[in-house]
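So this one's input_1.cif, mmCIF, C-alpha atoms and all ligand atoms:
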```
data_upload
loop_
_atom_site.label_atom_id
_atom_site.label_comp_id
_atom_site.auth_asym_id
_atom_site.auth_seq_id
_atom_site.Cartn_x
_atom_site.Cartn_y
_atom_site.Cartn_z
CA MET A 20 1.47 -12.05 -17.88
CA GLU A 21 -0.27 -8.74 -18.31
CA SER A 22 1.93 -5.70 -17.94
CA ILE A 23 1.44 -2.60 -15.84
CA ASN A 24 -0.85 -0.07 -17.48
CA THR A 25 -0.59 3.23 -15.65
CA GLY A 26 -2.98 4.74 -18.22
CA LEU A 27 -5.77 3.05 -16.26
CA ALA A 28 -4.95 5.05 -13.13
CA VAL A 29 -7.53 7.74 -13.78
CA LEU A 30 -8.57 10.49 -11.39
CA GLN A 31 -12.16 9.97 -10.25
CA ASP A 32 -14.16 12.82 -8.71
CA ILE A 33 -16.09 11.69 -5.64
CA SER A 34 -16.89 15.11 -4.12
CA ASP A 35 -20.60 14.21 -3.98
CA PHE A 36 -19.89 11.18 -1.81
CA TYR A 37 -18.18 13.47 0.70
CA GLY A 38 -21.19 15.75 0.93
CA GLY A 39 -20.19 18.31 -1.63
CA HIS A 40 -16.77 19.16 -0.25
CA ARG A 41 -15.29 21.41 -2.91
CA GLN A 42 -13.16 18.80 -4.59
CA VAL A 43 -12.25 15.26 -3.62
CA GLU A 44 -10.68 13.03 -6.24
CA VAL A 45 -9.25 9.52 -6.14
CA LEU A 46 -6.19 8.33 -8.04
CA ARG A 47 -7.20 4.80 -9.06
CA LEU A 48 -3.88 2.99 -8.74
CA ASP A 49 -5.91 -0.14 -7.98
CA ARG A 50 -6.59 -0.43 -11.70
CA ILE A 51 -3.05 -0.61 -13.12
CA HIS A 52 -2.54 -4.38 -12.85
CA PRO A 53 -4.60 -7.29 -11.52
CA ILE A 54 -1.86 -8.50 -9.16
CA ILE A 55 0.88 -5.87 -8.87
CA SER A 56 -1.81 -3.44 -7.86
CA GLY A 57 -1.70 -0.01 -6.34
CA ASN A 58 1.39 1.46 -4.82
CA LYS A 59 3.39 -1.78 -4.83
CA TRP A 60 4.65 -1.52 -8.37
CA PHE A 61 5.84 2.04 -7.76
CA LYS A 62 7.70 0.98 -4.62
CA LEU A 63 9.25 -2.00 -6.41
CA ARG A 64 10.22 -0.43 -9.72
CA TYR A 65 13.65 0.92 -8.75
CA TYR A 66 14.55 -2.20 -6.79
CA ILE A 67 13.79 -4.26 -9.91
CA ALA A 68 15.67 -1.84 -12.18
CA ASP A 69 18.66 -1.87 -9.81
CA THR A 70 18.65 -5.69 -9.69
CA LEU A 71 18.64 -5.95 -13.48
CA GLN A 72 21.23 -3.24 -13.89
CA LYS A 73 23.61 -5.00 -11.48
CA LYS A 74 22.94 -8.25 -13.38
CA LYS A 75 21.60 -9.97 -10.29
CA THR A 76 19.14 -12.80 -10.82
CA GLU A 77 17.07 -13.12 -7.69
CA ILE A 78 14.96 -11.03 -5.34
CA VAL A 79 14.36 -11.87 -1.69
CA THR A 80 11.79 -10.10 0.43
CA PHE A 81 9.63 -10.45 3.55
CA GLY A 82 5.95 -10.44 4.43
CA GLY A 83 2.96 -12.06 6.10
CA ALA A 84 0.57 -14.65 4.68
CA TRP A 85 -1.81 -11.97 3.33
CA SER A 86 0.85 -9.50 2.21
CA ASN A 87 0.13 -7.41 -0.88
CA HIS A 88 3.86 -6.77 -1.09
CA ILE A 89 4.70 -10.50 -1.29
CA VAL A 90 2.34 -11.25 -4.15
CA ALA A 91 3.25 -8.04 -5.99
CA THR A 92 6.96 -8.86 -5.69
CA ALA A 93 6.34 -12.40 -6.97
CA ALA A 94 4.54 -11.01 -10.03
CA ALA A 95 6.99 -8.16 -10.68
CA ALA A 96 9.99 -10.49 -10.41
CA ALA A 97 8.39 -13.03 -12.75
CA GLU A 98 7.65 -10.28 -15.25
CA ALA A 99 11.27 -9.09 -15.12
CA GLY A 100 12.58 -12.66 -15.57
CA LEU A 101 14.00 -12.77 -12.03
CA LYS A 102 13.76 -15.54 -9.47
CA SER A 103 12.13 -14.63 -6.19
CA THR A 104 12.01 -15.87 -2.62
CA GLY A 105 9.50 -14.73 -0.02
CA ILE A 106 10.39 -15.11 3.63
CA ILE A 107 7.00 -15.52 5.27
CA ARG A 108 6.17 -14.72 8.89
CA GLY A 109 5.02 -17.73 10.92
CA GLU A 110 5.06 -21.49 10.56
CA GLU A 111 4.04 -23.03 7.26
CA PRO A 112 0.24 -23.35 7.28
CA ARG A 113 -1.46 -26.57 6.20
CA GLN A 114 -3.69 -24.52 3.90
CA TYR A 115 -2.01 -21.63 2.07
CA SER A 116 -3.85 -18.31 1.94
CA PRO A 117 -4.92 -17.22 -1.58
CA THR A 118 -2.04 -14.69 -1.39
CA LEU A 119 0.56 -17.41 -0.80
CA GLN A 120 -1.01 -19.70 -3.39
CA LYS A 121 -0.77 -16.93 -5.96
CA ALA A 122 2.82 -16.09 -5.03
CA ALA A 123 3.82 -19.76 -5.32
CA GLU A 124 2.00 -20.05 -8.64
CA LEU A 125 4.03 -17.07 -9.90
CA GLY A 126 7.20 -19.01 -9.10
CA MET A 127 8.10 -17.48 -5.75
CA GLN A 128 9.96 -19.78 -3.41
CA LEU A 129 8.33 -19.53 0.03
CA LEU A 130 10.40 -19.91 3.20
CA PHE A 131 8.52 -19.89 6.47
CA GLN A 132 10.10 -18.43 9.59
CA SER A 133 8.88 -18.57 13.18
CA ARG A 134 7.66 -15.22 14.42
CA ALA A 135 10.71 -14.92 16.65
CA ASP A 136 13.14 -15.49 13.76
CA TYR A 137 11.13 -13.30 11.45
CA ARG A 138 11.47 -10.37 13.82
CA ASN A 139 15.22 -10.27 13.11
CA LYS A 140 14.61 -10.31 9.35
CA SER A 141 17.55 -12.65 8.92
CA VAL A 142 18.27 -13.91 5.44
CA PRO A 143 19.29 -17.60 5.24
CA SER A 144 22.96 -17.92 4.31
CA HIS A 145 22.28 -19.62 0.96
CA LEU A 146 20.52 -16.40 -0.15
CA GLN A 147 23.30 -14.09 0.94
CA ASN A 148 25.30 -13.83 -2.26
CA ASP A 149 26.14 -11.50 -5.11
CA HIS A 150 23.24 -12.61 -7.31
CA THR A 151 20.57 -11.67 -4.82
CA CYS A 152 18.87 -8.36 -4.13
CA ILE A 153 17.22 -8.11 -0.71
CA ILE A 154 14.18 -5.85 -0.56
CA PRO A 155 13.13 -4.84 2.96
CA GLU A 156 9.61 -5.68 4.17
CA GLY A 157 7.03 -3.54 2.39
CA GLY A 158 9.68 -2.12 0.06
CA TYR A 159 10.75 0.27 2.81
CA GLY A 160 13.86 2.25 1.92
CA LYS A 161 15.22 5.03 -0.25
CA LEU A 162 14.69 3.17 -3.52
CA GLY A 163 11.12 2.31 -2.52
CA ALA A 164 10.36 5.92 -1.64
CA ALA A 165 11.95 7.22 -4.85
CA GLY A 166 9.76 4.82 -6.83
CA ALA A 167 6.65 5.93 -4.93
CA GLY A 168 7.55 9.53 -5.80
CA THR A 169 6.93 8.68 -9.44
CA ILE A 170 3.21 8.36 -8.61
CA TRP A 171 3.23 12.13 -9.18
CA GLU A 172 3.72 11.51 -12.91
CA LEU A 173 0.07 10.42 -13.01
CA ILE A 174 -1.30 13.51 -11.24
CA ASN A 175 -1.88 16.18 -13.83
CA LYS A 176 -3.62 18.89 -11.83
CA PRO A 177 -2.98 20.78 -8.60
CA PHE A 178 -4.22 19.64 -5.19
CA ASP A 179 -3.86 21.24 -1.76
CA ALA A 180 -3.72 17.95 0.12
CA VAL A 181 -2.97 14.34 -0.75
CA CYS A 182 -4.07 11.58 1.63
CA CYS A 183 -2.80 8.03 1.67
CA ALA A 184 -2.85 4.95 3.87
CA CYS A 185 0.41 4.06 5.65
CA GLY A 186 1.90 0.72 6.55
CA THR A 187 5.67 1.20 6.41
CA GLY A 188 5.21 4.85 5.33
CA THR A 189 7.37 4.39 2.23
CA MET A 190 4.64 5.69 -0.09
CA LEU A 191 4.00 8.70 2.14
CA ALA A 192 7.72 9.49 2.20
CA GLY A 193 8.01 9.21 -1.58
CA LEU A 194 4.97 11.40 -2.15
CA ALA A 195 6.30 14.02 0.28
CA LEU A 196 9.79 14.04 -1.27
CA ALA A 197 8.45 14.63 -4.78
CA ALA A 198 5.45 16.85 -3.96
CA PRO A 199 4.98 20.21 -5.66
CA ALA A 200 5.41 23.21 -3.36
CA GLY A 201 2.23 23.98 -1.45
CA THR A 202 0.81 20.44 -1.42
CA ARG A 203 0.64 18.68 1.96
CA ILE A 204 0.64 14.91 2.35
CA THR A 205 -1.44 13.36 5.11
CA GLY A 206 -0.84 9.73 6.00
CA VAL A 207 -3.37 7.55 7.81
CA SER A 208 -1.61 4.84 9.81
CA VAL A 209 -3.37 1.47 9.65
CA LEU A 210 -1.42 0.12 12.64
CA LYS A 211 -2.22 0.62 16.29
CA ASN A 212 0.38 2.26 18.53
CA ASN A 213 3.07 2.20 15.89
CA HIS A 214 5.00 5.07 17.40
CA SER A 215 8.21 4.30 15.53
CA LEU A 216 6.52 5.01 12.19
CA GLN A 217 7.01 8.79 12.44
CA GLU A 218 10.74 8.25 12.83
CA GLU A 219 10.94 5.63 10.09
CA ILE A 220 9.32 8.04 7.66
CA THR A 221 11.59 10.88 8.79
CA THR A 222 14.59 8.67 8.04
CA LEU A 223 13.43 8.73 4.41
CA THR A 224 12.19 12.32 4.15
CA GLY A 225 15.00 14.07 6.03
CA THR A 226 14.18 17.71 6.72
CA GLN A 227 11.02 17.74 4.62
CA THR A 228 8.09 19.25 6.61
CA ASN A 229 5.23 18.94 4.08
CA TRP A 230 3.65 15.83 5.60
CA GLU A 231 1.98 14.51 8.71
CA LEU A 232 0.93 11.16 10.06
CA LEU A 233 -2.42 10.49 11.79
CA HIS A 234 -2.79 7.65 14.28
CA GLY A 235 -6.47 7.68 15.23
CA PHE A 236 -7.98 5.69 12.35
CA HIS A 237 -6.75 2.11 12.69
CA ASN A 238 -10.19 0.73 13.72
CA GLY A 239 -8.62 -1.73 16.16
CA GLY A 240 -5.26 -2.37 14.53
CA TYR A 241 -3.60 -3.95 11.52
CA ALA A 242 -6.08 -5.99 9.42
CA ARG A 243 -8.80 -5.43 12.02
CA TYR A 244 -12.00 -3.64 11.21
CA THR A 245 -15.28 -2.55 12.71
CA PRO A 246 -18.83 -3.21 11.39
CA GLU A 247 -18.98 0.54 10.64
CA GLN A 248 -15.94 0.20 8.39
CA ILE A 249 -17.57 -2.59 6.38
CA ARG A 250 -20.76 -0.53 6.12
CA PHE A 251 -18.74 2.48 4.99
CA MET A 252 -16.85 0.46 2.36
CA ASN A 253 -20.12 -0.89 0.94
CA GLU A 254 -21.63 2.61 0.85
CA LEU A 255 -18.56 3.95 -0.92
CA TYR A 256 -18.85 1.17 -3.49
CA LYS A 257 -22.59 1.75 -4.07
CA ALA A 258 -22.14 5.51 -4.49
CA THR A 259 -18.94 5.58 -6.56
CA GLY A 260 -18.20 2.06 -7.83
CA ILE A 261 -14.89 2.16 -5.96
CA PRO A 262 -13.91 -1.08 -4.19
CA SER A 263 -11.66 -0.60 -1.17
CA ASP A 264 -9.79 -3.09 1.02
CA ILE A 265 -10.15 -3.78 4.72
CA VAL A 266 -6.49 -3.26 5.64
CA TYR A 267 -5.61 0.03 4.00
CA THR A 268 -7.89 1.99 1.70
CA GLY A 269 -11.14 1.24 3.59
CA LYS A 270 -9.55 3.00 6.56
CA LEU A 271 -8.27 5.84 4.40
CA PHE A 272 -11.68 6.58 2.84
CA MET A 273 -13.38 6.35 6.22
CA ALA A 274 -10.81 8.57 7.93
CA THR A 275 -11.27 11.17 5.19
CA ALA A 276 -15.00 11.40 5.95
CA GLN A 277 -14.21 12.05 9.61
CA LEU A 278 -11.50 14.58 8.79
CA ILE A 279 -13.84 16.50 6.49
CA ARG A 280 -16.56 16.48 9.19
CA ASP A 281 -14.02 17.79 11.70
CA ASN A 282 -13.00 20.54 9.28
CA TYR A 283 -9.42 19.21 9.36
CA PHE A 284 -9.61 19.81 5.62
CA PRO A 285 -11.44 23.13 5.15
CA ARG A 286 -14.12 23.02 2.43
CA ASP A 287 -12.11 25.07 -0.05
CA LYS A 288 -9.20 22.60 -0.11
CA ARG A 289 -8.74 20.35 -3.13
CA LEU A 290 -8.15 16.81 -1.87
CA LEU A 291 -6.63 13.84 -3.61
CA LEU A 292 -6.94 10.36 -2.11
CA ILE A 293 -4.53 7.70 -3.32
CA HIS A 294 -6.30 4.40 -3.96
CA SER A 295 -3.25 2.25 -3.33
CA GLY A 296 -4.84 -1.05 -4.40
CA GLY A 297 -4.58 -4.07 -2.13
CA LEU A 298 -7.96 -5.57 -3.00
CA GLN A 299 -6.60 -9.13 -2.91
CA GLY A 300 -6.44 -8.74 0.89
CA ASN A 301 -10.24 -8.94 0.96
CA THR A 302 -10.00 -12.66 0.20
CA SER A 303 -9.41 -13.10 3.96
CA LEU A 304 -13.04 -12.04 4.61
CA PRO A 305 -15.99 -14.41 4.94
CA GLY A 306 -18.02 -14.46 1.68
CA HIS A 307 -20.71 -11.78 1.25
CA THR A 308 -19.14 -9.41 3.76
CA LEU A 309 -18.64 -6.92 0.94
CA LEU A 310 -20.91 -6.20 -2.02
CA TYR A 311 -17.94 -6.80 -4.31
CA SER A 312 -15.08 -9.38 -4.23
C1 LIG B 401 1.24 -1.79 1.13
C2 LIG B 401 0.04 -0.91 1.04
C3 LIG B 401 -0.01 0.36 1.64
C4 LIG B 401 1.09 0.87 2.52
O1 LIG B 401 2.19 1.37 1.86
P1 LIG B 401 3.48 1.81 2.69
O2 LIG B 401 4.37 2.38 1.67
O3 LIG B 401 4.03 0.56 3.31
O4 LIG B 401 3.05 2.76 3.72
C5 LIG B 401 -1.12 1.14 1.45
N1 LIG B 401 -2.16 0.68 0.72
C6 LIG B 401 -2.18 -0.54 0.18
C7 LIG B 401 -3.38 -0.98 -0.54
C8 LIG B 401 -1.08 -1.38 0.31
O5 LIG B 401 -1.12 -2.61 -0.23
#
```

Can you turn what I pasted into structure tokens?
Amino acid sequence: MESINTGLAVLQDISDFYGGHRQVEVLRLDRIHPIISGNKWFKLRYYIADTLQKKKTEIVTFGGAWSNHIVATAAAAAEAGLKSTGIIRGEEPRQYSPTLQKAAELGMQLLFQSRADYRNKSVPSHLQNDHTCIIPEGGYGKLGAAGAGTIWELINKPFDAVCCACGTGTMLAGLALAAPAGTRITGVSVLKNNHSLQEEITTLTGTQTNWELLHGFHNGGYARYTPEQIRFMNELYKATGIPSDIVYTGKLFMATAQLIRDNYFPRDKRLLLIHSGGLQGNTSLPGHTLLYS
């Protein structure tokens, strides 16, 4: 299997796309690995290191049928020589999604739980043992945030603001914890009415005040999208060559346009957008919806 290549995570200037705002760049984390793409490897790296260091042999984690985290964990575990089990939300489907097919192909054991059981995030008793490391859904937790903080190692120039998409908020927390003084982190929530997210991020960031979370850009809710969003994603691709995904980065890039129009980011601010990957999620779309994928 190909290994992670963080050297491919270049900064790409797309100021022109945003109408000549002073400086808008994108950190292309989508390019570091074909499967463990984007922020997922950063969130997983310390969980994997901890598992190996404690001489455990198996990783268990949670996610839905289209989860970037599930497939990234399957690949990262395989690469580290670890067994993996994915506890998947919902009954076993007759036809696996491409995400689940890929995870299974990578050797991940898939266990399906009813939505009611899944809500409790209970781990079956045969997986509760000393050889197993349990990673919370989405890699949420202190180790996940610490790993996400290492994204800064790839950012070699100063920015006033960094914007990222938020699911569990682990990446936002990690970026905020490791940010240089004077840089603010703005998170765009991709979920609708997820009011507990602010608190979940605060649990990880403690007293840190260099970040904020915006709730107005979910376009209908998790994994939902509007025709305008699809149009915007295609325009972004035509103008910059950057593919985005429907669940996370499409919403981030679109929100940024609105925020610049609203002067939320004054023109003299240097902005960095994190392209956190997730392109495999676009396989849920009908063919030809996007110009790419
Ligand atoms: C998982 C994911 C996120 C969300 O990361 P959190 O740390 O859970 O907030 C953002 N973008 C993409 C592409 C993802 O796959």

What are the closest atom pairs, with distances in Å to one decimal, for all residues of stretch 90-188 of chain A lying within 10 Å of stretch 34-50 of chain A? Consider only C-alpha atoms, order rows by chain and residue number, and present the result as a tab-separated table.
```
residue	atom	partner	partner_atom	distance
A:Ile170	CA	A:Leu48	CA	8.9
A:Leu173	CA	A:Leu46	CA	8.3
A:Ile174	CA	A:Leu46	CA	7.8
A:Phe178	CA	A:Gln42	CA	9.0
A:Ala180	CA	A:Val43	CA	9.7
A:Val181	CA	A:Glu44	CA	9.6
A:Cys182	CA	A:Val45	CA	9.6
```

Quick one, how far is atom CA of A:Tyr65 from atom CA of A:Gln128? 21.7 Å

Can you list, as a tab-separated table (two decimals) with C-alpha atoms, keeping the file's coordinate frame, every protein, DNA or RNA residue that comes within 12 Å of stretch 136-149 of chain A when you count only C-alpha atoms, leaving out same-chain residues fewer than 6 positions away?
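Result file part_21.tsv:
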```tsv
chain	number	residue	atom	x	y	z
A	70	THR	CA	18.65	-5.69	-9.69
A	73	LYS	CA	23.61	-5.00	-11.48
A	74	LYS	CA	22.94	-8.25	-13.38
A	75	LYS	CA	21.60	-9.97	-10.29
A	76	THR	CA	19.14	-12.80	-10.82
A	77	GLU	CA	17.07	-13.12	-7.69
A	78	ILE	CA	14.96	-11.03	-5.34
A	79	VAL	CA	14.36	-11.87	-1.69
A	80	THR	CA	11.79	-10.10	0.43
A	81	PHE	CA	9.63	-10.45	3.55
A	82	GLY	CA	5.95	-10.44	4.43
A	83	GLY	CA	2.96	-12.06	6.10
A	102	LYS	CA	13.76	-15.54	-9.47
A	103	SER	CA	12.13	-14.63	-6.19
A	104	THR	CA	12.01	-15.87	-2.62
A	105	GLY	CA	9.50	-14.73	-0.02
A	106	ILE	CA	10.39	-15.11	3.63
A	107	ILE	CA	7.00	-15.52	5.27
A	108	ARG	CA	6.17	-14.72	8.89
A	109	GLY	CA	5.02	-17.73	10.92
A	110	GLU	CA	5.06	-21.49	10.56
A	128	GLN	CA	9.96	-19.78	-3.41
A	130	LEU	CA	10.40	-19.91	3.20
A	155	PRO	CA	13.13	-4.84	2.96
A	156	GLU	CA	9.61	-5.68	4.17
```

Could I get the residue neighbourhood of ligand LIG 401 (chain B) at 10 Å, counting all atoms listed in the file, as a VMD selection string? chain A and resid 48 to 49 55 to 59 61 to 62 86 to 89 91 156 to 160 163 to 164 167 183 to 194 206 to 209 216 220 263 to 271 293 to 300

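If you count only C-alpha atoms and draw a sphere of 9 Å around (-0.8, 2.8, -15.3), the protein and nucleic acid residues inside it come out as Ile23, Asn24, Thr25, Gly26, Leu27, Ala28, Val29, Leu48, Arg50, Ile51, His52 and Leu173 of chain A.
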
Could you add whatever atoms are missing so that stretch 176-196 of chain A carries N, CA, C and O atoms, then write the result as a short mmCIF file (atom, residue, chain, number, x, y, z; two decimals), in the coordinates of the input?
```
data_model
loop_
_atom_site.label_atom_id
_atom_site.label_comp_id
_atom_site.auth_asym_id
_atom_site.auth_seq_id
_atom_site.Cartn_x
_atom_site.Cartn_y
_atom_site.Cartn_z
N LYS A 176 -3.03 17.62 -12.23
CA LYS A 176 -3.62 18.89 -11.83
C LYS A 176 -3.28 19.18 -10.37
O LYS A 176 -2.86 18.27 -9.64
N PRO A 177 -3.43 20.43 -9.95
CA PRO A 177 -2.98 20.78 -8.60
C PRO A 177 -3.96 20.36 -7.51
O PRO A 177 -5.17 20.38 -7.71
N PHE A 178 -3.42 19.95 -6.38
CA PHE A 178 -4.22 19.64 -5.19
C PHE A 178 -3.58 20.31 -3.98
O PHE A 178 -2.37 20.53 -3.96
N ASP A 179 -4.40 20.65 -2.99
CA ASP A 179 -3.86 21.24 -1.76
C ASP A 179 -3.37 20.17 -0.80
O ASP A 179 -2.41 20.37 -0.06
N ALA A 180 -4.08 19.02 -0.81
CA ALA A 180 -3.72 17.95 0.12
C ALA A 180 -3.85 16.60 -0.57
O ALA A 180 -4.77 16.38 -1.35
N VAL A 181 -2.92 15.72 -0.26
CA VAL A 181 -2.97 14.34 -0.75
C VAL A 181 -3.01 13.43 0.47
O VAL A 181 -2.22 13.62 1.41
N CYS A 182 -3.95 12.50 0.48
CA CYS A 182 -4.07 11.58 1.63
C CYS A 182 -3.80 10.16 1.18
O CYS A 182 -4.30 9.74 0.13
N CYS A 183 -3.07 9.43 2.00
CA CYS A 183 -2.80 8.03 1.67
C CYS A 183 -2.75 7.19 2.93
O CYS A 183 -2.55 7.70 4.03
N ALA A 184 -2.97 5.89 2.75
CA ALA A 184 -2.85 4.95 3.87
C ALA A 184 -1.38 4.60 4.08
O ALA A 184 -0.61 4.56 3.12
N CYS A 185 -0.99 4.36 5.33
CA CYS A 185 0.41 4.06 5.65
C CYS A 185 0.58 2.75 6.38
O CYS A 185 -0.06 2.52 7.41
N GLY A 186 1.45 1.91 5.84
CA GLY A 186 1.90 0.72 6.55
C GLY A 186 3.32 0.97 7.02
O GLY A 186 3.57 1.32 8.16
N THR A 187 4.28 0.85 6.09
CA THR A 187 5.67 1.20 6.41
C THR A 187 5.92 2.71 6.26
O THR A 187 6.94 3.21 6.70
N GLY A 188 5.03 3.41 5.55
CA GLY A 188 5.21 4.85 5.33
C GLY A 188 6.08 5.17 4.13
O GLY A 188 6.37 6.35 3.86
N THR A 189 6.49 4.16 3.39
CA THR A 189 7.37 4.39 2.23
C THR A 189 6.66 5.22 1.16
O THR A 189 7.25 6.14 0.58
N MET A 190 5.39 4.90 0.91
CA MET A 190 4.64 5.69 -0.09
C MET A 190 4.50 7.13 0.37
O MET A 190 4.72 8.06 -0.43
N LEU A 191 4.13 7.33 1.62
CA LEU A 191 4.00 8.70 2.14
C LEU A 191 5.31 9.47 1.97
O LEU A 191 5.32 10.61 1.50
N ALA A 192 6.41 8.83 2.32
CA ALA A 192 7.72 9.49 2.20
C ALA A 192 8.01 9.87 0.75
O ALA A 192 8.44 10.99 0.46
N GLY A 193 7.74 8.94 -0.16
CA GLY A 193 8.01 9.21 -1.58
C GLY A 193 7.14 10.34 -2.11
O GLY A 193 7.61 11.20 -2.86
N LEU A 194 5.87 10.33 -1.71
CA LEU A 194 4.97 11.40 -2.15
C LEU A 194 5.43 12.75 -1.61
O LEU A 194 5.42 13.76 -2.31
N ALA A 195 5.86 12.77 -0.34
CA ALA A 195 6.30 14.02 0.28
C ALA A 195 7.58 14.53 -0.39
O ALA A 195 7.72 15.73 -0.68
N LEU A 196 8.50 13.62 -0.68
CA LEU A 196 9.79 14.04 -1.27
C LEU A 196 9.61 14.65 -2.65
O LEU A 196 10.36 15.54 -3.04
#
```
